[in-house]
Amino acid sequence: MRIFENLESEVRGYIRSFPTIFETSKGAVLTNEQGEDFIDFFAGAGTLNYGHNNDHISKALVEYIQKDGVVHGLDMATSAKKEFLQTLQDTILVPRNLDYKVQFTGPTGTNAVETALKLARLVKGRSNVVSFTNGFHGLTQGSSSVTGNNDYRDESYISRSNVTFMPFDGYFGDMNTMAIFRKFLEDSSSGLDIPAAVIVETIQGEGGINVASKEWLQELESICREYDILLIIDDIQVGNGRTGEFFSFEFAGINPDIVTISKSIGGGLPMAIVLLKPDLDQWKPGEHTGTFRGNNLAFVAAKVAIEQYWQNDDLSNAVKYKEKLLKEELQKIADKYKDIFDVEVRGRGLAYGFEVKGDNSVAGEISSYAFEEKLIVETCGSEDQIVKFLPPLIIDEETLLEGLKRLDTAISKLVADKKEKLTGEF
């Protein structure tokens with residue numbers, strides 16, 4: 001690991017949580033240089049919904065490269081882009097009665113968010129945007145301004161004058177926080193400028209696996225329509241089937257004005273897109289550009305992934321089945337240690353959180369002990385107090401259950417070590 005410590009910037013993060021050199025990967029398993037297999041419950045922070053080195057995607061990529069397919073094309077027309085757009089329209093958008101134009105942005109999620117914010121302000125001629133407590137939308141300056149965690153925003157010394165934060169669903173317990181938002185909009189002395197847009201995640205991934213209810217999302221959409229505010233859904237981490245539906249907002253029956261998508265849309269390769277209603281497509285040619293707004297290899301991967309997994313309901317049904325297993329097993333583990341830890345299990349689809357209340361250090365300790373058991377699982381939340389589970393959607397039942405068994409073993413060893421330490425102190 002010395003080369004990374006000596007040469008790579010101190011900003012490196014995940015390598016500190018998982019200090020080994022990975023060499024190969026397949027499905028839901030990462031293998032290091034020593035040949036040790038790790039079950040992956042992280043999946044590239046939601047980038048590898050279809051698993052590592054998916055056979056269908058890898059085959060298509062190799063064939064495309066071997067025939068000298070265009071790799072880089074800016075935003076020029078290519079066969080790969082044409083086929084992806086046609087597949088996206090026919091398989092995803094039309095069956096869901098969604099009428100969107102597609103804008104290709106820079107290759108990461110934050111590029112899509114920056115684009116959505118810029119477009120919303122351009123179209124509405126207003127500067128303010130409403131975001132929500134614990135929201136996470138990226139780490140470039142515009143995206144950071146709508147991200148709730150001070151640790152990310154303070155370091156960039158950005159202006160926050162154009163963003164107003166409102167409480168997310170559940171932030172005040174059982175209180176309907178949409179009533180607060182509505183009151184601020186109704187009261188001309190509240191200090192809230194009518195925003196150009198609202199940006200929201202249906203499940204706050206980095207913020208702690210906070211799940212918005214169907215009713216809350218429906219009321220949010222209603223308020224946006226009433227006050228002529230654009231509704232932006234950030235589906236970067238929990239879209240692409242993570243909830244069992246292609247879009248995480250489908251269950252609520254809402255119709256966002258703008259949707260940001262990245263991570264798994266590229267089949268594991270860098271790609272980000274913005275879906276926008278046709279009347280919002282008010283850009284002038286070349287008004288918002290980027291050198292890598294056309295990753296043709298990602299187009300190939302995305303087309304194959306959609307064709308393979310979204311022509312029918314097989315993947316959706318599998319996610320819902322595996323969600324039941326994940327939730328039940330996590331609750332069993334929580335119940336097993338209830339005399340030691342106060343744990344809340346929550347989530348939707350294959351995005352789940354295991355919050356250890358009262359001691360923010362425990363989640364990180366669980367992640368470290370899990371790594372020793374050859375399980376990759378990360379933390380999230382405002383204080384990293386939640387263990388986050390994002391296994392690949394294609395993970396088989398046996399591997400899923402084995403990973404949860406390793407989690408149980410890790411917590412058991414953590415508890416034993418804590419008891420031994422406590423005994424030693426006396």
# chains A, B, ... in the order shown; residues from 1 in each chain; ligands from 1

$ residues_around --residues "region 100-117 of chain A" --least-positions-apart "6" --cutoff "6 Å" --atoms "only C-alpha atoms" --output "list in words"
Gly138, Gly142, Ser143, Thr260, Ser262, Pro270, Met271, Ala272, Ile273, Val274, Leu275, Leu276, Lys277, Pro278, Gly290, Phe292 and Arg293 of chain A

$ write_last_selection --atoms "N, CA and C atoms" --output "PDB file, in the first residue's frame"
ATOM      1  N   GLY A 138     -23.682  16.218  -4.507  1.00  0.00           N
ATOM      2  CA  GLY A 138     -22.406  16.318  -5.196  1.00  0.00           C
ATOM      3  C   GLY A 138     -21.492  17.338  -4.542  1.00  0.00           C
ATOM      4  N   GLY A 142     -21.843  24.294  -7.208  1.00  0.00           N
ATOM      5  CA  GLY A 142     -23.294  24.386  -7.241  1.00  0.00           C
ATOM      6  C   GLY A 142     -23.951  23.239  -6.505  1.00  0.00           C
ATOM      7  N   SER A 143     -23.439  22.045  -6.701  1.00  0.00           N
ATOM      8  CA  SER A 143     -23.986  20.858  -6.037  1.00  0.00           C
ATOM      9  C   SER A 143     -23.752  20.914  -4.532  1.00  0.00           C
ATOM     10  N   THR A 260     -32.154  13.830 -12.612  1.00  0.00           N
ATOM     11  CA  THR A 260     -30.716  13.638 -12.815  1.00  0.00           C
ATOM     12  C   THR A 260     -30.378  12.164 -12.596  1.00  0.00           C
ATOM     13  N   SER A 262     -27.089   9.166 -13.012  1.00  0.00           N
ATOM     14  CA  SER A 262     -25.694   8.841 -13.284  1.00  0.00           C
ATOM     15  C   SER A 262     -25.422   7.461 -12.700  1.00  0.00           C
ATOM     16  N   PRO A 270     -18.410   5.747 -16.667  1.00  0.00           N
ATOM     17  CA  PRO A 270     -18.846   7.117 -16.370  1.00  0.00           C
ATOM     18  C   PRO A 270     -19.846   7.654 -17.386  1.00  0.00           C
ATOM     19  N   MET A 271     -21.012   8.024 -16.910  1.00  0.00           N
ATOM     20  CA  MET A 271     -22.008   8.687 -17.743  1.00  0.00           C
ATOM     21  C   MET A 271     -23.036   9.351 -16.839  1.00  0.00           C
ATOM     22  N   ALA A 272     -23.494  10.516 -17.235  1.00  0.00           N
ATOM     23  CA  ALA A 272     -24.548  11.210 -16.507  1.00  0.00           C
ATOM     24  C   ALA A 272     -25.474  11.870 -17.513  1.00  0.00           C
ATOM     25  N   ILE A 273     -26.756  11.857 -17.213  1.00  0.00           N
ATOM     26  CA  ILE A 273     -27.724  12.495 -18.098  1.00  0.00           C
ATOM     27  C   ILE A 273     -28.744  13.270 -17.272  1.00  0.00           C
ATOM     28  N   VAL A 274     -29.346  14.247 -17.926  1.00  0.00           N
ATOM     29  CA  VAL A 274     -30.459  14.992 -17.360  1.00  0.00           C
ATOM     30  C   VAL A 274     -31.670  14.754 -18.244  1.00  0.00           C
ATOM     31  N   LEU A 275     -32.755  14.305 -17.636  1.00  0.00           N
ATOM     32  CA  LEU A 275     -34.027  14.179 -18.340  1.00  0.00           C
ATOM     33  C   LEU A 275     -34.829  15.434 -18.039  1.00  0.00           C
ATOM     34  N   LEU A 276     -35.317  16.101 -19.064  1.00  0.00           N
ATOM     35  CA  LEU A 276     -36.050  17.340 -18.861  1.00  0.00           C
ATOM     36  C   LEU A 276     -37.279  17.377 -19.749  1.00  0.00           C
ATOM     37  N   LYS A 277     -38.345  17.932 -19.223  1.00  0.00           N
ATOM     38  CA  LYS A 277     -39.565  18.056 -20.017  1.00  0.00           C
ATOM     39  C   LYS A 277     -39.290  18.943 -21.230  1.00  0.00           C
ATOM     40  N   PRO A 278     -39.877  18.632 -22.368  1.00  0.00           N
ATOM     41  CA  PRO A 278     -39.538  19.330 -23.623  1.00  0.00           C
ATOM     42  C   PRO A 278     -39.643  20.848 -23.553  1.00  0.00           C
ATOM     43  N   GLY A 290     -19.247  20.278 -22.551  1.00  0.00           N
ATOM     44  CA  GLY A 290     -18.252  19.532 -21.794  1.00  0.00           C
ATOM     45  C   GLY A 290     -17.591  18.521 -22.708  1.00  0.00           C
ATOM     46  N   PHE A 292     -16.428  15.558 -22.193  1.00  0.00           N
ATOM     47  CA  PHE A 292     -16.799  14.152 -22.033  1.00  0.00           C
ATOM     48  C   PHE A 292     -18.300  13.986 -21.813  1.00  0.00           C
ATOM     49  N   ARG A 293     -19.097  14.706 -22.622  1.00  0.00           N
ATOM     50  CA  ARG A 293     -20.536  14.575 -22.520  1.00  0.00           C
ATOM     51  C   ARG A 293     -21.072  13.530 -23.496  1.00  0.00           C
TER      52      ARG A 293
END

$ residues_around --residues "region 118-127 of chain A" --least-positions-apart "6" --cutoff "12 Å" --atoms "only C-alpha atoms" --output "PyMOL selection string"
chain A and resi 103+111-112+141-143+160-164+192-199+227-232+257-259+274-284+287-288

$ select_by_dssp --residues "region 167-365 of chain A" --states "helix (DSSP H, G or I)" --output "VMD selection string"
chain A and resid 177 to 186 214 to 226 250 to 252 263 to 266 278 to 280 296 to 309 314 to 336 362 to 365

$ residues_around --residues "Phe251 (chain A)" --least-positions-apart "4" --cutoff "10 Å" --atoms "only C-alpha atoms" --output "number ranges by chain"
A: 213-214, 217, 243-245, 247

$ write_last_selection --atoms "N, CA and C atoms" --output "PDB file, in the first residue's frame"
ATOM      1  N   SER A 213     -41.849   9.274   2.052  1.00  0.00           N
ATOM      2  CA  SER A 213     -43.076   8.516   1.829  1.00  0.00           C
ATOM      3  C   SER A 213     -43.741   8.946   0.515  1.00  0.00           C
ATOM      4  N   LYS A 214     -44.604   8.104   0.029  1.00  0.00           N
ATOM      5  CA  LYS A 214     -45.364   8.406  -1.181  1.00  0.00           C
ATOM      6  C   LYS A 214     -46.174   9.689  -0.990  1.00  0.00           C
ATOM      7  N   LEU A 217     -44.005  12.908  -1.038  1.00  0.00           N
ATOM      8  CA  LEU A 217     -43.564  13.253  -2.390  1.00  0.00           C
ATOM      9  C   LEU A 217     -44.719  13.801  -3.218  1.00  0.00           C
ATOM     10  N   THR A 243     -34.516   0.645  -6.189  1.00  0.00           N
ATOM     11  CA  THR A 243     -35.705   0.477  -5.357  1.00  0.00           C
ATOM     12  C   THR A 243     -36.645  -0.617  -5.867  1.00  0.00           C
ATOM     13  N   GLY A 244     -36.257  -1.260  -6.958  1.00  0.00           N
ATOM     14  CA  GLY A 244     -37.129  -2.263  -7.568  1.00  0.00           C
ATOM     15  C   GLY A 244     -37.868  -1.731  -8.778  1.00  0.00           C
ATOM     16  N   GLU A 245     -37.863  -0.413  -8.949  1.00  0.00           N
ATOM     17  CA  GLU A 245     -38.391   0.252 -10.132  1.00  0.00           C
ATOM     18  C   GLU A 245     -37.228   0.958 -10.799  1.00  0.00           C
ATOM     19  N   PHE A 247     -37.014   4.033 -11.969  1.00  0.00           N
ATOM     20  CA  PHE A 247     -36.917   5.322 -11.279  1.00  0.00           C
ATOM     21  C   PHE A 247     -37.452   5.171  -9.869  1.00  0.00           C
TER      22      PHE A 247
END

$ closest_residue --among "A:Phe4, A:Phe181, A:Phe41, A:Tyr64" --to "Ala301 (chain A)" --atoms "only C-alpha atoms"
A:Tyr64

$ closest_residue --among "A:Asp234, A:Glu372, A:Glu5, A:Asp99" --to "Lys413 (chain A)" --atoms "only C-alpha atoms"
A:Glu372
